[in-house]
Amino acid sequence: MSSESETRGERLAALERLRQLIGIERPVDEVSREIWSAALRLGAAEVGAIHVACSDESELECEQAFQTEVVQRLLPRMKSAHQAPFRLFNPGARYERGSVAIAEGHFATPATAGGFKLLLVKVNAHVAADWTGASAVLGRLNRYGRDSACCGALAALLAGGRAPFLDDLREVLESDGKDRLAALLDPARVDPRRRAFCAALVSARMQARRAVLDIQSHRPKSPTLYIVLPCVTINRESRDGEILCGLYTADHRGDELAVEYVGLGDDPSAYEVRRELERYAVEDPGTSPPGTAP
């Protein structure tokens, strides 16, 4: 077996538990702990992170879980007892072009000179699941005593709203000649009761892909293994849950960049959403197998 094959095999083994989580809701703390465990097994000389999440205040639990379980345990210190990821918090959890290059430079510390760094890119779209009534309502949240859309940014997009951030979300969902927004809005293709959920899933998937496209156009300052994680937070009255939608690996530890993907596809009409007790799961007959190029 070549050293390249050995490296890939070791990487797949380290990420196996994360791959098993794809499409299955778990508590936000558990998902972040699995990310920490996988990152630890990869044996990087340094670990950096980019966290992309919605500005919505309902995303605090997700942010805190990642901070506590991953950032504080793995990232280098900026100050005494202070670690932080590169943060992109904006309406709709949009990855902003050029961010990878900036963050990668920040985490290219002296420790990476003799080894490699791992750069985690976690992208969190979100959707509410309100259990206060007789049945679950996806996309609505009892916020401060009144009903509201959650995610409000994705809800505004589905309602045909116009704003710079909505235009940016729309551009990503309509990229590559595929009108995913039209699929979401077509009741024959996506069940309206699941529309908000499917919108969050495909948005996370496509924002992660946007980050990968950025990675492909960037030459890192030190050898870098990128792990890009599209996720959806399920905001609840109780502790939030989280679904890992897929897993990108972009290996730029050598002269060439190798990118692979496993997880949900980018067609929201293919998602099969089911509920198991008070947790959600999603399947996609077009799920990309391990090793698939993006």
# chains A, B, ... in the order shown; residues from 1 in each chain; ligands from 1
>>> residues_around(residues="segment 22-39 of chain A", least_positions_apart="2", cutoff="8 Å", atoms="only C-alpha atoms", output="ChimeraX atom specification")
/A:14-15,17-20,41-44,47,61-62,65-66,69-70,73-74,118,233,239-246,263-264,279-283
>>> select_by_dssp(residues="segment 101-213 of chain A", states="helix (DSSP H, G or I)", output="MDAnalysis selection string")
chainID A and resid 101:106 110:114 152:158 164:173 175:177 180:185 192:213
>>> atom_distance(atom1="atom CA of Glu174 of chain A", atom2="atom CA of Pro268 of chain A")
12.2 Å
>>> residues_around(residues="segment 150-160 of chain A", least_positions_apart="3", cutoff="7 Å", atoms="only C-alpha atoms", output="list in words")
Pro91, Gly92, His126, Val127, Ala128, Gly139, Arg140, Leu141 and Leu166 of chain A
>>> write_last_selection(atoms="N, CA and C atoms", output="tab-separated table (two decimals), in the first residue's frame")
chain	number	residue	atom	x	y	z
A	91	PRO	N	-27.26	36.75	8.73
A	91	PRO	CA	-28.60	36.20	8.45
A	91	PRO	C	-28.53	35.08	7.41
A	92	GLY	N	-28.99	33.90	7.79
A	92	GLY	CA	-29.03	32.78	6.86
A	92	GLY	C	-27.80	31.90	6.87
A	126	HIS	N	-30.30	26.42	10.23
A	126	HIS	CA	-31.13	25.98	11.35
A	126	HIS	C	-32.60	26.06	11.02
A	127	VAL	N	-33.40	25.28	11.77
A	127	VAL	CA	-34.85	25.28	11.63
A	127	VAL	C	-35.44	24.95	12.99
A	128	ALA	N	-36.59	25.53	13.29
A	128	ALA	CA	-37.24	25.26	14.57
A	128	ALA	C	-38.18	24.07	14.47
A	139	GLY	N	-40.30	24.96	11.42
A	139	GLY	CA	-40.09	26.29	10.87
A	139	GLY	C	-40.70	27.41	11.68
A	140	ARG	N	-41.36	27.10	12.79
A	140	ARG	CA	-41.97	28.13	13.64
A	140	ARG	C	-41.48	27.94	15.06
A	141	LEU	N	-41.25	29.05	15.74
A	141	LEU	CA	-40.71	29.02	17.09
A	141	LEU	C	-41.51	29.95	17.99
A	166	LEU	N	-30.69	38.06	1.15
A	166	LEU	CA	-31.58	37.11	0.49
A	166	LEU	C	-31.14	36.84	-0.94
>>> closest_residue(among="A:Leu225, A:Val52, A:Ala188, A:Leu173", to="Leu201 of chain A", atoms="only C-alpha atoms")
A:Leu173
>>> select_by_dssp(residues="segment 30-210 of chain A", states="strand (DSSP E)", output="PyMOL selection string")
chain A and resi 46-54+86-90+117-130+137-138+140-143+146-149
>>> write_last_selection(atoms="C-alpha atoms", output="JSON list (two decimals), in the first residue's frame")
[["chain", "number", "residue", "atom", "x", "y", "z"],
["A", 46, "GLU", "CA", -2.43, 22.55, 15.01],
["A", 47, "VAL", "CA", -6.20, 22.81, 14.74],
["A", 48, "GLY", "CA", -8.07, 25.86, 13.50],
["A", 49, "ALA", "CA", -11.77, 26.41, 12.92],
["A", 50, "ILE", "CA", -14.25, 28.50, 11.00],
["A", 51, "HIS", "CA", -17.81, 28.57, 12.33],
["A", 52, "VAL", "CA", -20.54, 29.78, 9.97],
["A", 53, "ALA", "CA", -23.91, 30.24, 11.65],
["A", 54, "CYS", "CA", -27.03, 32.38, 11.50],
["A", 86, "PHE", "CA", -12.92, 32.47, 12.92],
["A", 87, "ARG", "CA", -16.62, 33.42, 13.02],
["A", 88, "LEU", "CA", -19.10, 34.18, 10.24],
["A", 89, "PHE", "CA", -22.44, 34.91, 11.88],
["A", 90, "ASN", "CA", -24.93, 36.55, 9.52],
["A", 117, "LYS", "CA", -2.81, 21.74, 10.43],
["A", 118, "LEU", "CA", -6.42, 20.70, 10.48],
["A", 119, "LEU", "CA", -8.91, 23.43, 9.58],
["A", 120, "LEU", "CA", -12.49, 22.63, 10.58],
["A", 121, "VAL", "CA", -15.19, 24.53, 8.69],
["A", 122, "LYS", "CA", -18.58, 24.05, 10.37],
["A", 123, "VAL", "CA", -21.61, 25.49, 8.58],
["A", 124, "ASN", "CA", -24.88, 25.64, 10.55],
["A", 125, "ALA", "CA", -28.21, 26.40, 8.96],
["A", 126, "HIS", "CA", -31.13, 25.98, 11.35],
["A", 127, "VAL", "CA", -34.85, 25.28, 11.63],
["A", 128, "ALA", "CA", -37.24, 25.26, 14.57],
["A", 129, "ALA", "CA", -39.33, 22.31, 15.70],
["A", 130, "ASP", "CA", -42.06, 23.51, 18.05],
["A", 137, "VAL", "CA", -44.48, 22.39, 13.63],
["A", 138, "LEU", "CA", -41.35, 22.79, 11.55],
["A", 140, "ARG", "CA", -41.97, 28.13, 13.64],
["A", 141, "LEU", "CA", -40.71, 29.02, 17.09],
["A", 142, "ASN", "CA", -42.43, 30.35, 20.21],
["A", 143, "ARG", "CA", -40.05, 33.24, 20.70],
["A", 146, "ARG", "CA", -45.13, 34.92, 20.28],
["A", 147, "ASP", "CA", -44.91, 32.83, 17.14],
["A", 148, "SER", "CA", -42.11, 33.60, 14.70],
["A", 149, "ALA", "CA", -40.34, 32.08, 11.71]]
>>> atom_distance(atom1="atom CA of Arg8 of chain A", atom2="atom CA of Pro220 of chain A")
19.5 Å
>>> residues_around(residues="Leu247 of chain A", least_positions_apart="6", cutoff="7 Å", atoms="only C-alpha atoms", output="PyMOL selection string")
chain A and resi 228-229+261-263
>>> write_last_selection(atoms="C-alpha atoms", output="compact mmCIF listing (two decimals), in the first residue's frame")
# COMPACT_ATOMS: atom_id res chain seq x y z
CA VAL A 228 -16.04 20.92 5.99
CA LEU A 229 -19.20 20.02 7.89
CA TYR A 261 -17.50 14.16 -0.19
CA VAL A 262 -19.95 11.82 1.47
CA GLY A 263 -23.49 12.77 2.45
>>> residues_around(residues="Ala45 of chain A", least_positions_apart="5", cutoff="10 Å", atoms="only C-alpha atoms", output="PyMOL selection string")
chain A and resi 109-118
>>> residues_around(residues="Ala199 of chain A", least_positions_apart="4", cutoff="7 Å", atoms="only C-alpha atoms", output="PyMOL selection string")
chain A and resi 184+195+203
>>> residues_around(residues="Pro285 of chain A", least_positions_apart="4", cutoff="10 Å", atoms="only C-alpha atoms", output="PyMOL selection string")
chain A and resi 264-265+270-272
>>> closest_residue(among="A:Phe107, A:Ala101, A:Tyr95, A:Arg193", to="Met78 of chain A", atoms="only C-alpha atoms")
A:Phe107
>>> decode(residues="segment 193-237 of chain A", atoms="C-alpha atoms", output="compact mmCIF listing (two decimals), in the first residue's frame")
# COMPACT_ATOMS: atom_id res chain seq x y z
CA ARG A 193 -44.94 20.66 5.91
CA ARG A 194 -41.25 19.81 5.42
CA ARG A 195 -40.30 22.84 3.32
CA ALA A 196 -38.55 24.81 6.08
CA PHE A 197 -36.56 21.72 7.09
CA CYS A 198 -35.53 20.87 3.53
CA ALA A 199 -34.57 24.51 2.93
CA ALA A 200 -32.20 24.41 5.90
CA LEU A 201 -30.69 21.10 4.77
CA VAL A 202 -29.97 22.18 1.22
CA SER A 203 -28.79 25.63 2.30
CA ALA A 204 -26.21 24.14 4.67
CA ARG A 205 -25.12 21.72 1.97
CA MET A 206 -24.65 24.47 -0.62
CA GLN A 207 -22.97 26.96 1.71
CA ALA A 208 -20.47 24.23 2.61
CA ARG A 209 -19.87 23.62 -1.07
CA ARG A 210 -19.20 27.33 -1.52
CA ALA A 211 -16.50 27.07 1.15
CA VAL A 212 -15.00 24.08 -0.68
CA LEU A 213 -14.88 26.03 -3.94
CA ASP A 214 -12.93 28.69 -2.02
CA ILE A 215 -10.57 26.04 -0.69
CA GLN A 216 -9.96 24.81 -4.23
CA SER A 217 -8.82 28.25 -5.34
CA HIS A 218 -6.51 28.86 -2.35
CA ARG A 219 -2.91 27.79 -1.78
CA PRO A 220 -2.42 27.31 1.99
CA LYS A 221 0.54 28.83 3.81
CA SER A 222 1.28 25.48 5.48
CA PRO A 223 0.13 21.89 4.74
CA THR A 224 -3.56 21.74 5.55
CA LEU A 225 -6.29 19.14 5.85
CA TYR A 226 -9.73 20.77 5.65
CA ILE A 227 -12.84 19.12 7.09
CA VAL A 228 -16.04 20.92 5.99
CA LEU A 229 -19.20 20.02 7.89
CA PRO A 230 -22.64 21.17 6.68
CA CYS A 231 -25.04 20.92 9.64
CA VAL A 232 -28.60 21.88 10.56
CA THR A 233 -29.52 22.87 14.11
CA ILE A 234 -33.00 21.82 15.25
CA ASN A 235 -34.10 24.61 17.61
CA ARG A 236 -36.43 23.30 20.32
CA GLU A 237 -38.09 24.22 23.59
